[in-house]
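S.K.: final16.txt (compact mmCIF, C-alpha atoms) pasted underneath:
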# COMPACT_ATOMS: atom_id res chain seq x y z
CA MET I 1 286.67 87.56 -200.93
CA THR I 2 289.05 84.57 -201.16
CA SER I 3 289.16 82.50 -198.00
CA ALA I 4 292.38 81.80 -196.10
CA ALA I 5 293.69 78.26 -196.42
CA ILE I 6 296.34 78.86 -193.74
CA GLU I 7 295.77 81.12 -190.74
CA VAL I 8 298.41 81.74 -188.09
CA SER I 9 297.88 84.08 -185.14
CA ASP I 10 300.35 85.00 -182.37
CA LEU I 11 302.08 81.65 -182.74
CA CYS I 12 304.92 80.99 -180.27
CA LYS I 13 307.26 78.06 -179.79
CA GLU I 14 309.76 78.20 -176.96
CA TYR I 15 312.57 75.89 -175.97
CA GLY I 16 313.32 77.02 -172.44
CA PRO I 17 314.48 80.66 -172.70
CA VAL I 18 314.84 80.48 -176.50
CA ALA I 19 311.90 81.63 -178.63
CA ALA I 20 312.18 79.75 -181.94
CA VAL I 21 308.87 81.27 -183.08
CA ASP I 22 307.84 84.58 -181.52
CA ARG I 23 304.27 85.84 -182.00
CA VAL I 24 304.08 84.91 -185.67
CA SER I 25 300.91 85.90 -187.54
CA PHE I 26 300.09 85.56 -191.23
CA ALA I 27 297.48 84.16 -193.60
CA VAL I 28 297.73 82.44 -196.98
CA ARG I 29 294.71 82.67 -199.27
CA THR I 30 293.34 79.69 -201.17
CA GLY I 31 295.34 79.07 -204.35
CA GLU I 32 298.28 81.30 -203.41
CA LEU I 33 301.92 80.33 -203.89
CA VAL I 34 303.79 82.08 -201.08
CA GLY I 35 307.51 82.10 -200.39
CA PHE I 36 308.49 81.71 -196.74
CA LEU I 37 311.97 83.24 -196.54
CA GLY I 38 314.53 83.32 -193.77
CA LEU I 39 318.10 82.56 -192.85
CA ASN I 40 318.94 79.12 -191.51
CA GLY I 41 317.57 78.97 -187.97
CA ALA I 42 315.08 81.80 -188.54
CA GLY I 43 312.07 79.69 -187.51
CA LYS I 44 310.78 78.47 -190.89
CA THR I 45 310.94 74.74 -190.21
CA THR I 46 309.56 75.11 -186.67
CA THR I 47 306.56 77.02 -188.03
CA LEU I 48 305.94 74.37 -190.69
CA ARG I 49 306.21 71.56 -188.15
CA ILE I 50 303.54 73.23 -186.04
CA LEU I 51 301.30 73.60 -189.12
CA THR I 52 301.76 69.91 -189.95
CA THR I 53 300.73 68.98 -186.35
CA PHE I 54 304.18 67.41 -185.86
CA MET I 55 304.77 69.53 -182.78
CA PRO I 56 302.54 71.71 -180.58
CA ALA I 57 302.89 75.46 -180.24
CA SER I 58 303.65 77.01 -176.86
CA ARG I 59 301.00 79.68 -177.44
CA GLY I 60 298.78 81.07 -180.17
CA TYR I 61 296.83 79.12 -182.76
CA ALA I 62 297.02 77.98 -186.36
CA ARG I 63 294.39 76.66 -188.78
CA VAL I 64 294.89 74.75 -192.01
CA ALA I 65 291.92 74.45 -194.39
CA GLY I 66 289.77 75.79 -191.57
CA PHE I 67 290.82 73.21 -188.96
CA ASP I 68 292.77 73.87 -185.78
CA VAL I 69 296.19 72.17 -185.84
CA MET I 70 296.04 71.41 -182.12
CA TYR I 71 292.50 70.18 -181.60
CA GLN I 72 291.62 68.91 -185.10
CA SER I 73 294.94 67.38 -186.13
CA MET I 74 293.47 64.43 -188.07
CA GLU I 75 291.32 66.74 -190.20
CA VAL I 76 294.39 68.89 -190.87
CA ARG I 77 296.51 65.88 -191.93
CA GLN I 78 293.81 64.73 -194.34
CA ARG I 79 293.98 68.07 -196.16
CA LEU I 80 297.70 68.65 -196.08
CA GLY I 81 300.65 67.55 -198.19
CA TYR I 82 304.09 68.01 -196.63
CA LEU I 83 307.53 67.81 -198.22
CA PRO I 84 310.23 68.01 -195.51
CA GLU I 85 313.76 69.18 -196.25
CA SER I 86 315.10 65.63 -195.82
CA VAL I 87 312.56 63.36 -197.52
CA PRO I 88 312.11 60.07 -195.60
CA LEU I 89 311.98 57.41 -198.31
CA TYR I 90 312.51 53.64 -198.41
CA PRO I 91 315.58 53.11 -200.63
CA GLU I 92 314.88 49.39 -201.12
CA MET I 93 311.46 50.06 -202.71
CA ARG I 94 310.76 50.93 -206.31
CA VAL I 95 309.14 54.30 -206.97
CA ASP I 96 305.73 52.95 -207.99
CA GLU I 97 305.74 50.44 -205.10
CA TYR I 98 306.47 53.21 -202.64
CA LEU I 99 303.76 55.51 -204.01
CA THR I 100 301.25 52.64 -204.02
CA ALA I 101 301.97 51.92 -200.36
CA ARG I 102 301.68 55.61 -199.50
CA ALA I 103 298.41 55.92 -201.44
CA LYS I 104 296.95 53.07 -199.39
CA LEU I 105 298.04 54.73 -196.15
CA LYS I 106 296.44 57.96 -197.29
CA GLN I 107 293.22 56.10 -198.15
CA VAL I 108 293.22 57.10 -201.80
CA ASP I 109 290.18 55.47 -203.39
CA ARG I 110 291.14 52.02 -204.69
CA ALA I 111 289.37 52.43 -208.02
CA ALA I 112 291.20 55.72 -208.72
CA ARG I 113 294.52 54.80 -207.09
CA ALA I 114 296.44 53.72 -210.21
CA ALA I 115 295.29 56.75 -212.17
CA ARG I 116 296.19 59.08 -209.31
CA ILE I 117 299.68 57.62 -208.98
CA ASP I 118 300.20 57.93 -212.73
CA HIS I 119 299.02 61.55 -212.59
CA CYS I 120 301.49 62.40 -209.79
CA LEU I 121 304.35 60.63 -211.58
CA THR I 122 303.64 62.68 -214.71
CA ARG I 123 303.18 65.95 -212.89
CA CYS I 124 306.43 65.59 -210.95
CA ARG I 125 308.35 64.46 -214.06
CA ILE I 126 309.41 61.09 -212.65
CA LYS I 127 307.42 58.70 -214.82
CA GLU I 128 310.59 57.44 -216.50
CA VAL I 129 312.01 56.20 -213.16
CA ARG I 130 308.86 54.58 -211.77
CA LYS I 131 310.40 51.07 -211.89
CA ARG I 132 313.74 52.06 -210.39
CA LEU I 133 314.84 51.51 -206.79
CA ILE I 134 314.59 54.72 -204.82
CA GLY I 135 318.09 54.15 -203.44
CA THR I 136 319.57 54.44 -206.95
CA LEU I 137 317.97 57.81 -207.68
CA SER I 138 319.70 61.19 -207.57
CA LYS I 139 318.66 63.63 -204.87
CA GLY I 140 316.68 65.63 -207.42
CA TYR I 141 314.59 62.61 -208.33
CA ARG I 142 314.14 61.69 -204.66
CA GLN I 143 312.87 65.20 -203.93
CA ARG I 144 310.33 64.83 -206.71
CA VAL I 145 309.27 61.41 -205.43
CA GLY I 146 308.61 63.15 -202.11
CA LEU I 147 306.61 65.82 -203.91
CA ALA I 148 304.57 63.14 -205.70
CA ASP I 149 303.91 61.53 -202.31
CA ALA I 150 302.69 64.88 -200.95
CA LEU I 151 300.29 65.18 -203.90
CA LEU I 152 298.82 61.65 -203.78
CA ALA I 153 295.69 62.46 -201.80
CA ASP I 154 295.20 65.70 -203.80
CA PRO I 155 295.42 67.87 -200.66
CA PRO I 156 294.25 71.50 -200.90
CA VAL I 157 297.30 72.73 -198.93
CA LEU I 158 300.98 71.96 -199.56
CA LEU I 159 303.87 72.82 -197.23
CA LEU I 160 307.28 72.53 -198.88
CA ASP I 161 310.33 72.90 -196.62
CA GLU I 162 313.52 73.76 -198.55
CA PRO I 163 312.53 71.50 -201.50
CA LEU I 164 315.60 72.59 -203.52
CA SER I 165 318.20 71.93 -200.84
CA GLY I 166 321.23 70.10 -202.25
CA LEU I 167 319.98 70.02 -205.86
CA ASP I 168 322.13 70.95 -208.84
CA PRO I 169 320.99 73.88 -211.07
CA VAL I 170 319.17 71.67 -213.60
CA GLN I 171 317.35 69.76 -210.83
CA GLN I 172 316.42 73.08 -209.19
CA VAL I 173 314.83 74.40 -212.39
CA GLN I 174 312.89 71.17 -212.94
CA THR I 175 311.64 71.07 -209.35
CA LEU I 176 310.69 74.77 -209.43
CA GLU I 177 308.66 74.18 -212.59
CA SER I 178 306.81 71.33 -210.86
CA ILE I 179 306.04 73.57 -207.88
CA ARG I 180 304.91 76.51 -210.02
CA GLU I 181 302.42 74.30 -211.83
CA LEU I 182 300.72 73.54 -208.50
CA SER I 183 299.62 77.13 -207.82
CA GLY I 184 295.95 77.87 -208.27
CA GLN I 185 294.92 74.25 -207.79
CA HIS I 186 296.70 74.03 -204.44
CA THR I 187 297.66 76.51 -201.75
CA VAL I 188 301.44 76.33 -201.45
CA LEU I 189 303.70 77.66 -198.68
CA PHE I 190 307.23 77.30 -200.01
CA SER I 191 310.02 77.63 -197.44
CA SER I 192 313.47 78.64 -198.64
CA HIS I 193 316.49 80.80 -197.95
CA GLN I 194 317.22 81.23 -201.67
CA LEU I 195 315.90 84.59 -202.90
CA ALA I 196 316.13 83.83 -206.62
CA ASP I 197 313.98 80.70 -206.27
CA VAL I 198 311.23 82.60 -204.48
CA GLU I 199 311.34 85.48 -206.98
CA ARG I 200 311.07 83.04 -209.87
CA ILE I 201 307.82 81.33 -208.89
CA CYS I 202 306.08 83.16 -206.02
CA ASP I 203 303.64 86.06 -206.08
CA ARG I 204 304.09 86.94 -202.42
CA VAL I 205 306.83 86.61 -199.83
CA ILE I 206 306.91 86.37 -196.05
CA ILE I 207 310.29 87.00 -194.38
CA ILE I 208 310.90 85.57 -190.93
CA HIS I 209 313.96 86.50 -188.87
CA ARG I 210 314.82 85.24 -185.41
CA GLY I 211 311.32 83.86 -185.01
CA ARG I 212 309.45 87.02 -186.03
CA ILE I 213 307.70 88.06 -189.22
CA GLU I 214 309.56 91.09 -190.54
CA PHE I 215 308.02 91.45 -194.01
CA ASP I 216 304.83 90.22 -195.68
CA ASP I 217 303.80 91.57 -199.06
CA LYS I 218 303.43 90.85 -202.77
CA LEU I 219 306.58 90.83 -204.88
CA SER I 220 304.91 93.35 -207.19
CA THR I 221 305.33 96.00 -204.47
CA PHE I 222 309.03 96.15 -205.30
CA ASP I 223 308.14 97.39 -208.79
CA ALA I 224 305.83 100.05 -207.32
CA GLY I 225 308.03 101.19 -204.45
CA THR I 226 309.94 104.46 -204.04
CA VAL I 227 312.99 105.01 -206.25
CA THR I 228 316.11 106.58 -204.72
CA LEU I 229 318.55 108.64 -206.77
CA LEU I 230 322.00 108.86 -205.17
CA VAL I 231 323.75 112.08 -206.21
CA GLU I 232 327.11 113.57 -205.31
CA VAL I 233 327.67 117.23 -206.21
CA LYS I 234 330.33 119.85 -205.47
CA ALA I 235 328.08 122.04 -203.33
CA ASN I 236 326.98 122.93 -199.84
CA PRO I 237 324.69 120.10 -198.57
CA ASP I 238 321.90 122.49 -197.51
CA ASP I 239 321.92 124.25 -200.89
CA ALA I 240 321.88 120.91 -202.72
CA GLN I 241 319.03 119.59 -200.59
CA LYS I 242 316.86 122.67 -201.23
CA ALA I 243 317.61 122.75 -204.96
CA PHE I 244 316.88 119.08 -205.61
CA ALA I 245 313.78 119.05 -203.38
CA ALA I 246 312.29 121.70 -205.68
CA VAL I 247 312.77 119.61 -208.85
CA PRO I 248 309.37 118.52 -210.31
CA GLY I 249 308.68 114.84 -209.57
CA VAL I 250 310.93 114.71 -206.50
CA ASP I 251 309.11 113.65 -203.31
CA ARG I 252 311.94 114.19 -200.86
CA ALA I 253 315.64 115.07 -200.77
CA THR I 254 318.15 114.70 -197.95
CA ALA I 255 321.82 115.69 -197.99
CA ALA I 256 324.96 115.17 -195.96
CA PRO I 257 328.52 116.41 -196.31
CA ALA I 258 331.00 114.20 -198.18
CA ALA I 259 334.78 114.46 -198.43
CA ASP I 260 336.55 117.43 -200.05
CA GLY I 261 333.56 119.75 -200.11
CA TRP I 262 331.18 117.43 -201.92
CA ALA I 263 327.60 116.78 -200.86
CA ALA I 264 325.94 113.36 -200.87
CA VAL I 265 322.25 113.74 -201.70
CA SER I 266 319.48 111.13 -201.60
CA VAL I 267 316.60 112.05 -203.90
CA GLN I 268 313.38 110.02 -203.68
CA SER I 269 310.66 109.79 -206.33
CA GLN I 270 307.94 107.49 -207.58
CA PRO I 271 308.94 104.75 -210.08
CA THR I 272 306.75 106.28 -212.78
CA LYS I 273 308.89 109.46 -212.72
CA ASP I 274 312.51 109.28 -213.83
CA VAL I 275 314.01 112.49 -212.42
CA ARG I 276 317.64 111.86 -213.40
CA GLU I 277 317.66 114.29 -216.29
CA ALA I 278 315.92 117.03 -214.30
CA VAL I 279 318.30 116.58 -211.36
CA ALA I 280 321.35 116.69 -213.64
CA ARG I 281 319.99 119.83 -215.32
CA LYS I 282 319.51 121.51 -211.95
CA ALA I 283 323.10 120.73 -210.97
CA PHE I 284 324.28 122.16 -214.33
CA GLU I 285 322.24 125.35 -213.80
CA LYS I 286 323.83 125.78 -210.38
CA GLY I 287 327.31 125.21 -211.76
CA TRP I 288 327.92 122.21 -209.52
CA GLY I 289 330.19 119.39 -210.54
CA VAL I 290 328.59 115.92 -210.50
CA ARG I 291 330.54 112.74 -209.77
CA ARG I 292 327.69 110.35 -209.03
CA LEU I 293 324.16 109.91 -210.33
CA GLU I 294 322.84 106.44 -209.51
CA ARG I 295 319.22 105.27 -209.59
CA LYS I 296 318.30 102.54 -207.09
CA GLN I 297 315.03 100.76 -206.38
CA GLU I 298 314.76 98.38 -203.44
CA ARG I 299 314.52 94.75 -204.48
CA LEU I 300 313.74 91.61 -202.52
CA GLU I 301 317.45 91.10 -201.85
CA ASP I 302 317.75 94.60 -200.35
CA THR I 303 314.77 94.00 -198.08
CA PHE I 304 316.03 90.57 -197.04
CA LEU I 305 319.50 91.86 -196.17
CA ARG I 306 318.08 94.87 -194.32
CA VAL I 307 315.88 92.59 -192.23
CA ALA I 308 318.76 90.19 -191.58
CA TYR I 309 321.21 92.88 -190.47
CA GLN I 310 318.92 95.21 -188.54
CA ARG I 311 318.51 92.60 -185.80
CA ALA I 312 321.79 90.75 -186.20
In structure tokens, what does this structure look like?
M.R.:
Amino acid sequence: MTSAAIEVSDLCKEYGPVAAVDRVSFAVRTGELVGFLGLNGAGKTTTLRILTTFMPASRGYARVAGFDVMYQSMEVRQRLGYLPESVPLYPEMRVDEYLTARAKLKQVDRAARAARIDHCLTRCRIKEVRKRLIGTLSKGYRQRVGLADALLADPPVLLLDEPLSGLDPVQQVQTLESIRELSGQHTVLFSSHQLADVERICDRVIIIHRGRIEFDDKLSTFDAGTVTLLVEVKANPDDAQKAFAAVPGVDRATAAPAADGWAAVSVQSQPTKDVREAVARKAFEKGWGVRRLERKQERLEDTFLRVAYQRA
């Protein structure tokens, strides 16, 4: 069984009466690339700051690479690369000068330092700007300089907080490609509020809302989840419910009255069974008019919006 590189259990962070993080628990296995989704203010950054040992939790515990963030903070920092939303860089330094200084601070072996910096420059696609002043770079390049900094000591765990914030579409694609290439060799927890970015590169998603974990599963579950067929027929709702529930392949049917004598029916089935034709045939056999036949399968966006609005 793959070990967990990040373990969080009943983590809480309170600011007076406000719970920014409320009994959060999750684990990220070694080599996983996990999206950490939530609206602005949901608790993503607070959770990451606790994991980076930047701030203490009020209660609960967290471990990174097997070390407790509270009591073994130096061991955690040695095994962790962190890219904050606003990357703190020195604009008056050139890119290679900055990375050299950071490599020294991170105690990267002197004999391997130049090669390691060159590797990070190449991996983050910033080799062509290595001699430029950081202050003259676009935000996209500065974000990738920050990512190169996070990679310098080759840490097993990477925490990336909104790495695409403020980037144009081209810069977003380039940065996403750099992040995707890190999976497998590094454990990556990628914080964002952009669903498309997470869907593009992550295998698993954790959704946090108002400080609580509301969803934690693989993205592949959306392809294997229940399919809902929304049907409107000119019939009595009870008759429609019974008729459609008896259709082969249908797991469940519920009905409610609609305007002007129509019935709104929700028909659920497994994704491997497309029951649209059978449902339409049943309506035809009964002599019912049909004005809607729509197949829907819940996607990440549906789940995210449901989570966001159920506790709004």
S.K.: Could you tell me how far atom CA of I:Ala4 lies from atom CA of I:Tyr61, in Å and to one decimal?
M.R.: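 Computing it gives 14.3 Å between the two atoms.
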S.K.: Find the residues around stretch 67-78 of chain I up to 8 Å (all atoms listed in the file counted), leave out those fewer than 6 positions away in its own chain, and share them as a ChimeraX atom specification.
M.R.: /I:50-53,56,61,106,155
S.K.: Find the distance between atom CA of I:Asp161 and atom CA of I:Lys131 and write it in Å to one decimal.
M.R.: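 According to the coordinates, atom CA of I:Asp161 and atom CA of I:Lys131 are separated by 26.6 Å.
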S.K.: Let me make sure I understand: among I:Leu83, I:Val188, I:Val198, I:Val227, which one has the smallest atom-to-atom distance to I:Ala27 if we use only C-alpha atoms?
M.R.: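 Closest candidate: I:Val188.
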S.K.: Of the candidates I:Arg291, I:Lys127, I:Arg252, I:Arg210, which one gets nearest to I:Thr46 if we count all atoms listed in the file?
M.R.: I:Arg210
S.K.: Atom CA of I:Leu99 and atom CA of I:Ala111, how far apart in Å?
M.R.: 15.3 Å
S.K.: (319.7, 44.6, -198.3) in this file's frame - what residues fall within 12 Å of it? Use all atoms listed in the file and give the answer as a PyMOL selection string.
M.R.: chain I and resi 90-93+133+135
S.K.: May I have the residues from that selection written out with C-alpha atoms, as a PDB file, in the frame of the given file?
M.R.:
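So the final result, stored in result.pdb, reads:
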ATOM      1  CA  TYR I  90     312.510  53.640-198.410  1.00  0.00           C
ATOM      2  CA  PRO I  91     315.580  53.110-200.630  1.00  0.00           C
ATOM      3  CA  GLU I  92     314.880  49.390-201.120  1.00  0.00           C
ATOM      4  CA  MET I  93     311.460  50.060-202.710  1.00  0.00           C
ATOM      5  CA  LEU I 133     314.840  51.510-206.790  1.00  0.00           C
ATOM      6  CA  GLY I 135     318.090  54.150-203.440  1.00  0.00           C
TER       7      GLY I 135
END
S.K.: For a quick check of understanding, using all atoms listed in the file, which of I:Glu177, I:Thr221, I:Val279, I:Ala103 has the smallest distance to I:Lys242?
M.R.: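 Closest candidate: I:Val279.
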S.K.: Fewer than 4 positions away in the same chain doesn't count, so skip those; otherwise give me all residues within 6 Å of I:Gly60, counting all atoms listed in the file, as a list in words.
M.R.: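 So, after excluding close chain neighbours, the residues are Ser9, Asp10 and Leu11 of chain I.
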S.K.: Show me as a PyMOL selection string the residues that reach within 6 Å of (315.4, 118.0, -197.6), counting all atoms listed in the file and using the file's own coordinates.
M.R.: chain I and resi 241+253-254
S.K.: At a cut-off of 10 Å, using all atoms listed in the file, what residues contact I:Ile6? Leave out same-chain residues fewer than 6 positions from it and give the result as an MDAnalysis selection string.
M.R.: chainID I and resid 26:30 51 62:67 157 187:189
S.K.: Excluding stretch 19-25 of chain I and any residue of its chain fewer than 3 positions from it, enumerate the residues within 6 Å of it, using only C-alpha atoms, and give them as a PDB file with C-alpha atoms, keeping the file's coordinate frame.
M.R.:
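Once written, part_5.pdb looks like this:
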ATOM      1  CA  VAL I   8     298.410  81.740-188.090  1.00  0.00           C
ATOM      2  CA  SER I   9     297.880  84.080-185.140  1.00  0.00           C
ATOM      3  CA  ASP I  10     300.350  85.000-182.370  1.00  0.00           C
ATOM      4  CA  LEU I  11     302.080  81.650-182.740  1.00  0.00           C
ATOM      5  CA  CYS I  12     304.920  80.990-180.270  1.00  0.00           C
ATOM      6  CA  LYS I  13     307.260  78.060-179.790  1.00  0.00           C
ATOM      7  CA  GLU I  14     309.760  78.200-176.960  1.00  0.00           C
ATOM      8  CA  GLY I  43     312.070  79.690-187.510  1.00  0.00           C
ATOM      9  CA  GLY I 211     311.320  83.860-185.010  1.00  0.00           C
ATOM     10  CA  ARG I 212     309.450  87.020-186.030  1.00  0.00           C
ATOM     11  CA  ILE I 213     307.700  88.060-189.220  1.00  0.00           C
TER      12      ILE I 213
END
S.K.: For I:Ala258, which of I:Arg49, I:Arg110, I:Lys234, I:Lys286 is the closest residue, counting all atoms listed in the file?
M.R.: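 Nearest candidate to I:Ala258 out of I:Arg49, I:Arg110, I:Lys234, I:Lys286: I:Lys234.
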S.K.: Can you give me N, CA, C and O atoms for stretch 148-162 of chain I, written as a tab-separated table (two decimals), in the coordinates of the input?
M.R.:
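Okay, selection-v3.tsv is ready:
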chain	number	residue	atom	x	y	z
I	148	ALA	N	305.67	63.99	-205.21
I	148	ALA	CA	304.57	63.14	-205.70
I	148	ALA	C	303.81	62.52	-204.54
I	148	ALA	O	302.57	62.44	-204.56
I	149	ASP	N	304.53	62.08	-203.52
I	149	ASP	CA	303.91	61.53	-202.31
I	149	ASP	C	303.00	62.57	-201.67
I	149	ASP	O	301.86	62.28	-201.29
I	150	ALA	N	303.49	63.82	-201.56
I	150	ALA	CA	302.69	64.88	-200.95
I	150	ALA	C	301.42	65.16	-201.73
I	150	ALA	O	300.40	65.58	-201.16
I	151	LEU	N	301.44	64.88	-203.05
I	151	LEU	CA	300.29	65.18	-203.90
I	151	LEU	C	299.28	64.04	-204.01
I	151	LEU	O	298.19	64.23	-204.54
I	152	LEU	N	299.62	62.84	-203.52
I	152	LEU	CA	298.82	61.65	-203.78
I	152	LEU	C	297.35	61.81	-203.42
I	152	LEU	O	296.47	61.42	-204.19
I	153	ALA	N	297.09	62.35	-202.25
I	153	ALA	CA	295.69	62.46	-201.80
I	153	ALA	C	295.03	63.74	-202.30
I	153	ALA	O	293.93	64.08	-201.85
I	154	ASP	N	295.70	64.45	-203.24
I	154	ASP	CA	295.20	65.70	-203.80
I	154	ASP	C	294.80	66.69	-202.69
I	154	ASP	O	293.69	67.20	-202.66
I	155	PRO	N	295.75	66.99	-201.77
I	155	PRO	CA	295.42	67.87	-200.66
I	155	PRO	C	295.28	69.32	-201.11
I	155	PRO	O	296.00	69.75	-202.03
I	156	PRO	N	294.40	70.09	-200.51
I	156	PRO	CA	294.25	71.50	-200.90
I	156	PRO	C	295.44	72.36	-200.49
I	156	PRO	O	295.68	73.41	-201.08
I	157	VAL	N	296.19	71.93	-199.46
I	157	VAL	CA	297.30	72.73	-198.93
I	157	VAL	C	298.59	71.93	-199.00
I	157	VAL	O	298.62	70.76	-198.62
I	158	LEU	N	299.66	72.58	-199.48
I	158	LEU	CA	300.98	71.96	-199.56
I	158	LEU	C	301.99	72.81	-198.79
I	158	LEU	O	302.05	74.04	-198.99
I	159	LEU	N	302.77	72.17	-197.94
I	159	LEU	CA	303.87	72.82	-197.23
I	159	LEU	C	305.17	72.20	-197.70
I	159	LEU	O	305.38	71.00	-197.55
I	160	LEU	N	306.03	73.02	-198.30
I	160	LEU	CA	307.28	72.53	-198.88
I	160	LEU	C	308.45	73.18	-198.15
I	160	LEU	O	308.64	74.40	-198.22
I	161	ASP	N	309.23	72.39	-197.44
I	161	ASP	CA	310.33	72.90	-196.62
I	161	ASP	C	311.66	72.70	-197.34
I	161	ASP	O	312.16	71.57	-197.43
I	162	GLU	N	312.23	73.79	-197.84
I	162	GLU	CA	313.52	73.76	-198.55
I	162	GLU	C	313.55	72.64	-199.61
I	162	GLU	O	314.44	71.78	-199.60
